[in-house]
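A.B. asks: Data: run32.txt, compact mmCIF, C-alpha atoms.
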```txt
# COMPACT_ATOMS: atom_id res chain seq x y z
CA MET A 1 0.00 0.00 0.00
CA ILE A 2 1.44 3.39 -1.04
CA ILE A 3 0.86 6.41 1.22
CA THR A 4 0.80 9.70 -0.62
CA GLU A 5 2.65 12.76 0.67
CA GLU A 6 -0.70 14.48 1.34
CA GLU A 7 -1.90 11.54 3.45
CA LEU A 8 1.37 11.39 5.39
CA LEU A 9 1.17 15.09 6.22
CA ALA A 10 -2.46 14.72 7.30
CA LEU A 11 -1.47 11.84 9.60
CA LEU A 12 1.46 13.71 11.14
CA GLU A 13 -0.61 16.83 11.72
CA SER A 14 -3.63 15.06 13.21
CA ASP A 15 -4.19 15.17 16.95
CA VAL A 16 -4.97 11.84 18.60
CA ASN A 17 -6.39 13.57 21.67
CA LEU A 18 -9.71 15.35 22.09
CA ASP A 19 -9.76 18.88 20.76
CA PRO A 20 -8.97 21.01 23.85
CA ALA A 21 -11.57 23.56 22.75
CA PHE A 22 -14.35 20.98 23.06
CA HIS A 23 -16.05 20.36 26.41
CA PRO A 24 -18.98 17.96 26.74
CA VAL A 25 -20.33 19.75 29.82
CA SER A 26 -20.48 23.39 30.93
CA ILE A 27 -20.65 25.21 34.26
CA HIS A 28 -22.55 28.50 34.33
CA ALA A 29 -21.73 30.65 37.34
CA LEU A 30 -24.66 33.03 37.87
CA ASP A 31 -22.72 35.50 40.01
CA ALA A 32 -19.14 36.59 40.70
CA VAL A 33 -18.96 34.72 44.01
CA SER A 34 -19.77 31.32 42.51
CA TYR A 35 -17.55 32.01 39.50
CA GLN A 36 -14.52 32.70 41.69
CA ALA A 37 -15.32 29.75 43.97
CA ALA A 38 -15.47 27.37 41.00
CA LYS A 39 -12.17 28.71 39.64
CA THR A 40 -10.52 28.31 43.03
CA LEU A 41 -11.79 24.75 43.46
CA GLY A 42 -10.59 23.78 39.99
CA ILE A 43 -12.51 22.81 36.87
CA PRO A 44 -12.17 19.30 35.41
CA ASP A 45 -10.62 19.22 31.95
CA TYR A 46 -13.87 17.93 30.44
CA ALA A 47 -15.82 21.03 31.55
CA SER A 48 -15.86 24.72 30.65
CA LEU A 49 -16.65 27.56 33.06
CA HIS A 50 -18.76 30.56 32.04
CA ARG A 51 -19.83 33.68 33.88
CA THR A 52 -23.55 33.85 33.01
CA GLN A 53 -26.06 36.61 33.75
CA PRO A 54 -29.53 35.32 34.76
CA ASP A 55 -32.59 36.65 32.98
CA ILE A 56 -36.14 37.02 34.25
CA ASN A 57 -37.47 35.40 31.04
CA TRP A 58 -35.57 32.14 31.48
CA ARG A 59 -37.54 28.92 31.53
CA TRP A 60 -35.70 27.73 34.62
CA GLU A 61 -37.05 24.18 34.70
CA GLY A 62 -35.40 23.45 31.36
CA ALA A 63 -32.43 25.78 31.30
CA PHE A 64 -29.78 23.43 32.67
CA THR A 65 -30.27 19.87 31.51
CA THR A 66 -28.12 17.16 29.97
CA SER A 67 -24.82 19.01 29.47
CA ALA A 68 -24.87 22.13 31.66
CA ILE A 69 -25.23 23.04 35.32
CA ALA A 70 -25.69 26.40 37.06
CA LEU A 71 -24.04 27.61 40.28
CA PHE A 72 -25.26 30.45 42.46
CA GLU A 73 -24.69 32.14 45.79
CA PRO A 74 -28.11 33.19 47.24
CA GLU A 75 -26.88 36.47 48.73
CA ALA A 76 -25.80 37.71 45.30
CA HIS A 77 -29.39 37.53 43.98
CA GLN A 78 -31.41 39.05 46.80
CA GLY A 79 -34.33 41.13 45.51
CA GLN A 80 -34.29 39.60 42.04
CA PRO A 81 -37.66 38.37 40.66
CA TYR A 82 -36.16 35.02 39.66
CA LEU A 83 -34.83 34.26 43.19
CA PRO A 84 -37.66 31.80 44.04
CA GLN A 85 -36.77 29.69 41.00
CA LEU A 86 -33.14 29.73 42.03
CA MET A 87 -33.87 28.75 45.61
CA ALA A 88 -36.01 25.85 44.40
CA GLU A 89 -32.76 24.39 43.04
CA GLY A 90 -34.36 22.57 40.14
CA GLN A 91 -32.58 20.14 37.86
CA GLY A 92 -29.02 21.25 37.18
CA ILE A 93 -29.15 24.30 39.51
CA TYR A 94 -26.90 24.21 42.59
CA ARG A 95 -25.74 26.44 45.37
CA VAL A 96 -22.01 26.84 45.13
CA THR A 97 -21.72 24.92 48.41
CA GLY A 98 -23.79 22.02 47.03
CA PRO A 99 -22.76 18.69 45.44
CA TRP A 100 -22.36 20.12 41.96
CA LEU A 101 -19.04 18.45 41.18
CA ALA A 102 -20.64 15.02 41.53
CA GLU A 103 -23.44 16.04 39.16
CA LEU A 104 -20.90 17.46 36.72
CA GLN A 105 -19.09 14.14 36.67
CA ALA A 106 -22.37 12.25 36.27
CA ARG A 107 -23.25 14.32 33.20
CA GLU A 108 -19.86 13.71 31.64
CA LEU A 109 -20.27 9.97 32.27
CA ARG A 110 -23.70 10.03 30.63
CA TRP A 111 -22.11 11.69 27.56
CA ARG A 112 -19.41 9.00 27.45
CA ASP A 113 -22.02 6.28 27.85
CA TRP A 114 -24.02 7.76 24.97
CA LEU A 115 -20.93 7.75 22.77
CA ALA A 116 -20.20 4.14 23.73
CA ARG A 117 -23.73 3.12 22.68
CA LEU A 118 -23.61 5.02 19.37
CA SER A 119 -22.82 2.32 16.83
CA VAL A 120 -20.94 3.97 13.94
CA LEU A 121 -20.66 2.58 10.44
CA LEU A 122 -17.81 4.06 8.39
CA LEU A 123 -17.93 3.81 4.59
CA GLU A 124 -14.50 4.70 3.18
CA ASP A 125 -13.00 2.93 0.18
CA HIS A 126 -9.40 4.12 0.67
CA PRO A 127 -7.46 1.63 2.84
CA PHE A 128 -5.16 4.12 4.55
CA GLN A 129 -7.75 6.82 5.15
CA GLY A 130 -10.34 4.28 6.27
CA ALA A 131 -7.99 2.77 8.85
CA CYS A 132 -7.06 6.21 10.21
CA ILE A 133 -10.64 7.50 10.41
CA ALA A 134 -11.90 4.29 12.06
CA GLN A 135 -9.11 4.54 14.63
CA GLU A 136 -9.95 8.19 15.31
CA ILE A 137 -13.64 7.42 15.83
CA GLN A 138 -12.81 4.54 18.16
CA SER A 139 -10.40 6.76 20.13
CA LEU A 140 -13.40 8.95 21.00
CA GLY A 141 -15.10 5.99 22.66
CA MET A 142 -17.47 4.97 19.86
CA PRO A 143 -17.69 1.47 18.40
CA CYS A 144 -16.93 1.71 14.69
CA GLN A 145 -17.34 -0.84 11.92
CA TRP A 146 -15.45 0.02 8.74
CA VAL A 147 -16.55 -1.10 5.26
CA GLN A 148 -14.97 -0.22 1.92
CA ASP A 149 -17.78 -0.44 -0.62
CA GLY A 150 -21.47 0.25 -1.02
CA ASP A 151 -22.58 -3.39 -1.04
CA ALA A 152 -20.87 -4.09 2.27
CA CYS A 153 -22.40 -0.91 3.70
CA LEU A 154 -25.91 -1.94 2.70
CA GLN A 155 -25.38 -5.42 4.11
CA VAL A 156 -24.39 -4.02 7.54
CA LEU A 157 -27.32 -1.59 7.51
CA ALA A 158 -29.71 -4.46 6.76
CA GLN A 159 -28.34 -6.75 9.46
CA HIS A 160 -27.32 -4.46 12.32
CA GLU A 161 -28.60 -1.47 14.28
CA VAL A 162 -26.53 1.52 13.15
CA GLY A 163 -26.73 4.81 15.03
CA LEU A 164 -24.58 6.95 12.71
CA LEU A 165 -23.24 6.58 9.17
CA VAL A 166 -19.95 8.36 8.44
CA CYS A 167 -19.64 8.26 4.69
CA ASP A 168 -17.00 9.34 2.20
CA LEU A 169 -18.60 11.35 -0.56
CA SER A 170 -16.50 9.83 -3.36
CA LEU A 171 -16.22 6.06 -3.66
CA GLY A 172 -14.33 3.98 -6.20
CA GLU A 173 -17.21 2.70 -8.32
CA GLU A 174 -19.95 5.13 -7.24
CA ASP A 175 -20.59 8.09 -4.97
CA ALA A 176 -22.44 8.40 -1.69
CA ILE A 177 -25.22 10.44 -3.28
CA GLY A 178 -26.11 7.68 -5.74
CA LEU A 179 -25.84 4.99 -3.07
CA LEU A 180 -28.14 6.79 -0.62
CA MET A 181 -30.61 8.03 -3.21
CA GLY A 182 -31.17 4.45 -4.30
CA HIS A 183 -32.10 3.35 -0.77
CA ALA A 184 -34.70 5.74 0.62
CA GLN A 185 -35.43 3.40 3.55
CA TYR A 186 -32.37 4.88 5.28
CA LYS A 187 -33.53 8.49 5.19
CA HIS A 188 -33.98 8.45 8.97
CA LEU A 189 -30.35 7.43 9.58
CA PRO A 190 -28.09 10.24 10.91
CA ILE A 191 -25.31 10.81 8.37
CA ILE A 192 -22.02 12.71 8.42
CA LEU A 193 -20.41 13.22 5.02
CA LEU A 194 -16.64 13.36 4.60
CA SER A 195 -14.73 14.52 1.56
CA SER A 196 -11.42 15.92 0.40
CA HIS A 197 -13.23 17.96 -2.28
CA ASP A 198 -13.70 21.72 -2.23
CA GLN A 199 -16.00 22.78 0.60
CA THR A 200 -18.49 24.29 -1.85
CA LEU A 201 -18.94 20.90 -3.49
CA ILE A 202 -19.32 19.21 -0.09
CA ASP A 203 -21.97 21.76 0.90
CA GLY A 204 -23.79 21.15 -2.37
CA ALA A 205 -23.87 17.40 -1.80
CA ARG A 206 -25.23 17.91 1.68
CA ARG A 207 -27.97 20.17 0.40
CA LEU A 208 -28.92 17.70 -2.33
CA LEU A 209 -29.32 14.86 0.18
CA HIS A 210 -31.11 17.13 2.66
CA ASP A 211 -33.64 18.14 -0.02
CA ALA A 212 -34.20 14.47 -0.78
CA GLY A 213 -35.17 13.90 2.85
CA PHE A 214 -31.98 12.40 4.27
CA ASN A 215 -30.88 13.22 7.82
CA VAL A 216 -27.46 14.74 7.10
CA LEU A 217 -26.01 16.10 10.34
CA ALA A 218 -22.89 17.62 8.81
CA ALA A 219 -20.55 17.64 5.83
CA LEU A 220 -16.91 17.81 6.96
CA ALA A 221 -13.68 18.16 5.05
CA LYS A 222 -10.86 15.65 5.40
CA PRO A 223 -8.74 15.09 7.42
CA LEU A 224 -11.37 14.48 10.09
CA ASN A 225 -11.01 16.97 12.95
CA HIS A 226 -11.91 15.65 16.40
CA GLY A 227 -13.31 18.94 17.63
CA ASP A 228 -15.56 19.41 14.59
CA LEU A 229 -16.88 15.86 14.87
CA LEU A 230 -17.51 16.12 18.61
CA ARG A 231 -19.37 19.41 18.26
CA GLN A 232 -21.68 17.86 15.68
CA LEU A 233 -22.20 14.82 17.88
CA LYS A 234 -22.99 17.00 20.88
CA ALA A 235 -25.65 18.87 18.89
CA PHE A 236 -27.10 15.46 17.94
CA TYR A 237 -26.95 14.36 21.59
CA LEU A 238 -28.66 17.53 22.85
CA GLY A 239 -31.35 17.66 20.17
CA PRO A 240 -34.42 16.68 22.25
CA ALA A 241 -33.27 18.68 25.28
CA GLN A 242 -32.71 21.82 23.19
CA SER A 243 -36.21 21.57 21.71
CA PHE A 244 -37.74 21.26 25.18
CA ARG A 245 -35.78 24.20 26.56
CA ARG A 246 -36.88 26.54 23.78
CA HIS A 247 -40.55 25.52 23.70
CA GLY A 248 -42.72 28.48 24.66
CA LEU A 249 -39.72 30.68 25.42
CA LYS A 250 -40.11 34.42 24.90
CA ARG A 251 -37.30 35.68 22.72
CA THR A 252 -35.57 39.00 23.33
CA ILE A 253 -32.88 40.35 21.00
CA ARG A 254 -29.93 41.89 22.84
CA ASN A 255 -26.45 43.10 22.03
CA TRP A 256 -23.50 41.97 24.14
CA GLN A 257 -23.98 44.99 26.44
CA GLU A 258 -27.45 43.50 27.19
CA GLU A 259 -29.24 46.44 25.56
CA VAL A 260 -32.67 45.21 24.45
CA LEU A 261 -33.28 45.70 20.72
CA GLY A 262 -36.75 44.16 20.78
CA GLN A 263 -38.89 41.17 21.65
CA ILE A 264 -40.31 38.65 19.23
CA SER A 265 -44.09 38.66 19.67
CA LEU A 266 -47.40 37.75 18.13
CA MET A 267 -49.62 40.69 17.17
CA ALA A 268 -52.08 39.63 19.88
CA ASP A 269 -49.34 39.83 22.54
CA ALA A 270 -47.40 42.84 21.32
CA ALA A 271 -49.34 45.29 23.48
CA THR A 272 -47.92 43.63 26.62
CA THR A 273 -44.33 44.67 25.92
CA HIS A 274 -42.74 48.12 26.01
CA SER A 275 -39.78 46.97 23.91
CA PRO A 276 -39.59 47.43 20.15
CA ILE A 277 -41.79 44.84 18.44
CA TRP A 278 -40.42 42.07 16.23
CA LEU A 279 -43.09 40.24 14.22
CA ALA A 280 -42.75 37.27 11.86
CA LEU A 281 -43.72 38.30 8.35
CA SER A 282 -45.95 35.23 8.09
CA GLY A 283 -48.00 36.45 11.07
CA VAL A 284 -48.95 39.95 9.87
CA PRO A 285 -51.54 41.23 7.34
CA PRO A 286 -50.40 40.90 3.72
CA HIS A 287 -50.51 44.67 3.11
CA TRP A 288 -48.88 47.65 4.78
CA ASP A 289 -51.96 49.81 5.46
CA PRO A 290 -53.66 47.39 7.94
CA LEU A 291 -50.34 46.86 9.73
CA LYS A 292 -49.73 50.62 9.88
CA THR A 293 -53.22 51.13 11.34
CA TRP A 294 -52.54 48.43 13.96
CA LEU A 295 -49.34 50.19 15.01
CA GLU A 296 -51.16 53.50 15.37
CA GLN A 297 -53.93 51.92 17.43
CA HIS A 298 -51.31 50.61 19.86
CA GLY A 299 -49.46 53.91 20.03
CA ARG A 300 -46.43 52.56 18.20
CA ARG A 301 -44.30 54.18 15.52
CA ALA A 302 -43.15 52.34 12.42
CA ASP A 303 -39.53 52.62 13.57
CA GLU A 304 -40.42 50.45 16.59
CA LEU A 305 -41.26 47.55 14.27
CA THR A 306 -38.96 44.88 12.87
CA LEU A 307 -40.33 42.28 10.45
CA ILE A 308 -38.66 38.86 10.53
CA VAL A 309 -38.31 37.22 7.12
CA HIS A 310 -37.78 33.47 6.64
CA LYS A 311 -36.81 31.75 3.39
CA ARG A 312 -40.09 29.84 3.36
CA ASP A 313 -41.92 33.19 3.06
CA GLN A 314 -40.75 33.22 -0.58
CA LEU A 315 -40.71 36.97 -0.32
CA LEU A 316 -39.03 37.69 -3.64
CA SER A 317 -41.68 35.79 -5.59
CA ARG A 318 -44.71 37.30 -3.82
CA ALA A 319 -45.42 40.85 -4.97
CA ASP A 320 -47.79 41.73 -2.12
CA ARG A 321 -45.35 40.67 0.60
CA PHE A 322 -42.43 42.31 -1.15
CA ALA A 323 -44.40 45.56 -1.34
CA LEU A 324 -45.27 45.25 2.36
CA VAL A 325 -41.66 45.01 3.53
CA LEU A 326 -40.54 47.82 1.23
CA GLN A 327 -43.30 50.13 2.48
CA ALA A 328 -42.55 49.22 6.08
CA SER A 329 -38.87 49.96 5.47
CA MET A 330 -39.60 53.32 3.85
CA ALA A 331 -41.77 54.20 6.87
CA GLY A 332 -38.86 53.53 9.22
CA GLY A 333 -39.32 49.84 10.05
CA GLN A 334 -36.46 47.35 10.08
CA LEU A 335 -36.01 43.94 8.46
CA ALA A 336 -34.43 40.83 9.98
CA LEU A 337 -33.65 37.54 8.28
CA LEU A 338 -34.00 34.29 10.25
CA LEU A 339 -31.54 31.62 9.16
CA ASP A 340 -32.23 28.31 10.90
CA ASN A 341 -30.24 25.86 8.78
CA GLY A 342 -27.25 25.84 6.48
CA GLN A 343 -28.83 23.85 3.68
CA HIS A 344 -30.50 26.72 1.81
CA LEU A 345 -28.62 29.98 2.13
CA PRO A 346 -30.74 32.88 0.80
CA PHE A 347 -28.02 34.85 -0.99
CA GLU A 348 -30.61 36.60 -3.17
CA GLU A 349 -32.57 37.89 -0.16
CA LEU A 350 -29.29 39.10 1.31
CA GLU A 351 -28.60 41.21 -1.77
CA ARG A 352 -32.09 42.48 -2.58
CA LEU A 353 -33.60 43.24 0.83
CA PRO A 354 -32.62 46.17 3.09
CA LEU A 355 -31.78 43.82 5.96
CA ARG A 356 -30.46 45.14 9.25
CA TYR A 357 -30.32 41.95 11.34
CA LEU A 358 -29.51 38.28 10.75
CA LEU A 359 -30.83 35.87 13.41
CA LEU A 360 -28.82 32.66 13.43
CA GLY A 361 -30.76 29.63 14.68
CA PRO A 362 -29.64 26.97 17.20
CA HIS A 363 -28.80 24.32 14.61
CA LEU A 364 -26.23 26.66 13.07
CA LEU A 365 -24.04 27.05 16.17
CA PRO A 366 -22.01 23.85 15.63
CA GLU A 367 -21.64 24.75 11.95
CA LEU A 368 -20.48 28.26 12.80
CA GLU A 369 -17.93 26.90 15.28
CA ALA A 370 -16.56 24.47 12.71
CA MET A 371 -17.10 26.70 9.67
CA ALA A 372 -14.59 25.98 6.93
CA THR A 373 -12.98 28.85 5.06
CA ASP A 374 -14.67 29.48 1.72
CA SER A 375 -17.63 27.23 2.54
CA LEU A 376 -21.03 28.50 1.41
CA LEU A 377 -21.89 29.43 5.00
CA ASP A 378 -18.59 31.29 5.39
CA ARG A 379 -19.31 33.25 2.20
CA PHE A 380 -22.84 34.03 3.34
CA ILE A 381 -21.71 35.30 6.76
CA ALA A 382 -18.88 37.32 5.21
CA ARG A 383 -21.26 38.96 2.75
CA ALA A 384 -23.70 39.83 5.55
CA ARG A 385 -20.87 41.56 7.41
CA GLU A 386 -19.86 43.46 4.25
CA LEU A 387 -23.43 44.74 3.96
CA GLY A 388 -23.38 45.95 7.56
CA ILE A 389 -25.99 43.44 8.76
CA GLY A 390 -25.82 42.66 12.49
CA LEU A 391 -25.36 38.99 13.37
CA TYR A 392 -27.20 37.58 16.40
CA ILE A 393 -26.74 33.99 17.61
CA ASP A 394 -29.32 31.79 19.29
CA ASP A 395 -28.51 32.04 23.02
CA PRO A 396 -31.65 32.67 25.10
CA PHE A 397 -29.95 31.57 28.33
CA ASN A 398 -26.79 33.71 28.00
CA GLN A 399 -24.68 30.58 27.95
CA GLN A 400 -22.35 31.45 25.07
CA ASP A 401 -18.94 33.06 25.47
CA ALA A 402 -19.63 36.65 24.43
CA ALA A 403 -15.95 37.55 23.94
CA LEU A 404 -15.39 34.61 21.61
CA TRP A 405 -18.40 35.44 19.43
CA GLN A 406 -17.53 39.14 19.38
CA GLU A 407 -14.17 38.17 17.91
CA ARG A 408 -16.10 36.38 15.16
CA GLY A 409 -18.07 39.51 14.34
CA VAL A 410 -21.33 38.61 16.11
CA ALA A 411 -23.17 41.63 17.53
CA GLY A 412 -25.37 39.93 20.15
CA HIS A 413 -27.80 37.12 20.93
CA TRP A 414 -31.48 36.29 20.93
```
Before anything else, please render the file you have as structure tokens.
C.D. replies:
Amino acid sequence: MIITEEELLALLESDVNLDPAFHPVSIHALDAVSYQAAKTLGIPDYASLHRTQPDINWRWEGAFTTSAIALFEPEAHQGQPYLPQLMAEGQGIYRVTGPWLAELQARELRWRDWLARLSVLLLEDHPFQGACIAQEIQSLGMPCQWVQDGDACLQVLAQHEVGLLVCDLSLGEEDAIGLLMGHAQYKHLPIILLSSHDQTLIDGARRLLHDAGFNVLAALAKPLNHGDLLRQLKAFYLGPAQSFRRHGLKRTIRNWQEEVLGQISLMADAATTHSPIWLALSGVPPHWDPLKTWLEQHGRRADELTLIVHKRDQLLSRADRFALVLQASMAGGQLALLLDNGQHLPFEELERLPLRYLLLGPHLLPELEAMATDSLLDRFIARARELGIGLYIDDPFNQQDAALWQERGVAGHW
């Protein structure tokens, strides 16, 4: 077997340890006292520590589950409206003097146990690359069965319970797209694509399979990076918990200085907030005059309104809706674009609409963290910055590292 120079360099440069930037569990200190106490005690290498500011709108019973815990010192929160929820010490919420280290360890063990039960099937036709990737996956604690052709892959899928398919995009006799498209019974199977092709081509393949109904978690460039893979797996692991946490949650848009830019509301509820109003375009009248009258009846100016556009609104092909957003903009209203997945990136909307904000959804966070240079998502984000559009990440519980995201050009969170 001949190893190419490119493969040898990839092997020498690869890290056999976990990416130090990845942590399966997080500690959120809700005040300076607990933050300093946690630092003094020492944080395990599998955990990250964050200084997090509580918010009255948190859904406390679901804020800290699965992979995160919160620490607090009661005296630091006296007089705050959320103090009763804190003192109840619900799931994942601990006084700094409580047994939080044991719970932290338990959550890390549950993550490891989940990895150990995630049966991985690797389809890679190249002998050297296949052996390396299989070894890397196994080093993360996951059982991995490696096959080198489509027939062997289909045989394993038919005979065994597979939790994740890691699949090379280009195979010797066929490609992964053709193989999967011919077997629609596996659409439910979580898939991670790998390829040494240009990232734009990888993104295109992912979109094609996504549109066909396949459950593609990510499309990653070779050589496989541990941190990128683990971040995608963590998003997969947290999926149900994240949906529960966000159900029924009121969303407020803030910059990193915690200045409120508005609250996402329904028209029926908008009168209950004094903040600027953000309304989904799909939930307002199809013409500007009725919406303008509604604003006047509630004592609101047009410049207190932001309309949120989603790709499914098909704004550019609907003359009435397009006229509505233009008239609202001319009257002083703002426009925001909600981007909740990386499969369909609305470049045309970015260029043709006078957008001021870009709301990045929860499923995009792992992709943004692992975003490859010159990928379609990288180009989209770069173009938004060029146009002066403010980027806001999904973080309703203030659990992201503000300094890190500021360095990446993000203006705030929602």
A.B. asks: Pick out the residues sitting within 6 Å of stretch 336-345 of chain A, and hand them over as a VMD selection string; count all atoms listed in the file, and ignore anything fewer than 6 positions along from it in its own chain.
C.D. replies: chain A and resid 207 308 to 310 355 to 361 364
A.B. asks: Quick one: residues within 8 Å of A:His50, all atoms listed in the file counted, chain neighbours fewer than 4 positions away excluded, as a list of chain:residue names?
C.D. replies: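 What passes the distance filter is A:Ser26, A:Ile27, A:His28, A:Ala29, A:Tyr35, A:Gln399, A:Gln400, A:Asp401.
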A.B. asks: Find, counting only C-alpha atoms, the residue in A:Leu30, A:Ala219, A:His226, A:Phe236 that gets nearest to A:Thr200.
C.D. replies: A:Ala219
A.B. asks: Which residues are close to A:Asp374, i.e. within 12 Å by only C-alpha atoms, leaving aside same-chain residues fewer than 2 positions away? Reply as a tab-separated table (two decimals) with C-alpha atoms, keeping the file's coordinate frame.
C.D. replies:
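The resulting selection-v8.tsv:
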```
chain	number	residue	atom	x	y	z
A	198	ASP	CA	-13.70	21.72	-2.23
A	199	GLN	CA	-16.00	22.78	0.60
A	200	THR	CA	-18.49	24.29	-1.85
A	201	LEU	CA	-18.94	20.90	-3.49
A	202	ILE	CA	-19.32	19.21	-0.09
A	203	ASP	CA	-21.97	21.76	0.90
A	221	ALA	CA	-13.68	18.16	5.05
A	371	MET	CA	-17.10	26.70	9.67
A	372	ALA	CA	-14.59	25.98	6.93
A	376	LEU	CA	-21.03	28.50	1.41
A	377	LEU	CA	-21.89	29.43	5.00
A	378	ASP	CA	-18.59	31.29	5.39
A	379	ARG	CA	-19.31	33.25	2.20
A	380	PHE	CA	-22.84	34.03	3.34
A	381	ILE	CA	-21.71	35.30	6.76
A	382	ALA	CA	-18.88	37.32	5.21
A	383	ARG	CA	-21.26	38.96	2.75
```
A.B. asks: Contacts of A:Leu305 at 8 Å or less, counting all atoms listed in the file, minus same-chain residues fewer than 4 places along, as a PyMOL selection string?
C.D. replies: chain A and resi 276-279+301+333-334
A.B. asks: Could you state the separation of atom CA of A:Ser67 and atom CA of A:Arg107 in Å, given to one decimal place?
C.D. replies: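 Separating atom CA of A:Ser67 from atom CA of A:Arg107 is a distance of 6.2 Å.
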A.B. asks: Write out as a short mmCIF file (atom, residue, chain, number, x, y, z; two decimals) with C-alpha atoms, in the coordinates of the input the residues lying within 12 Å of A:Ser170, counting all atoms listed in the file and excluding same-chain residues fewer than 5 positions away.
C.D. replies:
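Ended up saving to selection_23.cif:
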```cif
data_model
loop_
_atom_site.label_atom_id
_atom_site.label_comp_id
_atom_site.auth_asym_id
_atom_site.auth_seq_id
_atom_site.Cartn_x
_atom_site.Cartn_y
_atom_site.Cartn_z
CA LEU A 123 -17.93 3.81 4.59
CA GLU A 124 -14.50 4.70 3.18
CA ASP A 125 -13.00 2.93 0.18
CA HIS A 126 -9.40 4.12 0.67
CA GLN A 148 -14.97 -0.22 1.92
CA ASP A 149 -17.78 -0.44 -0.62
CA GLY A 150 -21.47 0.25 -1.02
CA ASP A 175 -20.59 8.09 -4.97
CA ALA A 176 -22.44 8.40 -1.69
CA ILE A 177 -25.22 10.44 -3.28
CA GLY A 178 -26.11 7.68 -5.74
CA LEU A 179 -25.84 4.99 -3.07
CA LEU A 193 -20.41 13.22 5.02
CA LEU A 194 -16.64 13.36 4.60
CA SER A 195 -14.73 14.52 1.56
CA SER A 196 -11.42 15.92 0.40
CA HIS A 197 -13.23 17.96 -2.28
CA LEU A 201 -18.94 20.90 -3.49
CA ILE A 202 -19.32 19.21 -0.09
CA ALA A 205 -23.87 17.40 -1.80
CA LYS A 222 -10.86 15.65 5.40
#
```
A.B. asks: Which residue is closest to A:Met267? Choose from A:Trp146, A:Trp294, A:Phe397, A:Phe214 and count all atoms listed in the file.
C.D. replies: A:Trp294
A.B. asks: List as JSON, numbers by chain the residues having at least one atom at most 6 Å from position (-13.0, 22.8, 15.8) as given in the file, counting only C-alpha atoms.
C.D. replies: {"A": [227, 228, 370]}
A.B. asks: Just give me the gap between atom CA of A:Leu238 and atom CA of A:Ala37 in Å, one decimal is fine.
C.D. replies: 27.8 Å
A.B. asks: Report the distance between atom CA of A:Gly390 and atom CA of A:His363 in Å, rounded to one decimal place.
C.D. replies: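 Going from atom CA of A:Gly390 over to atom CA of A:His363, I get 18.7 Å.
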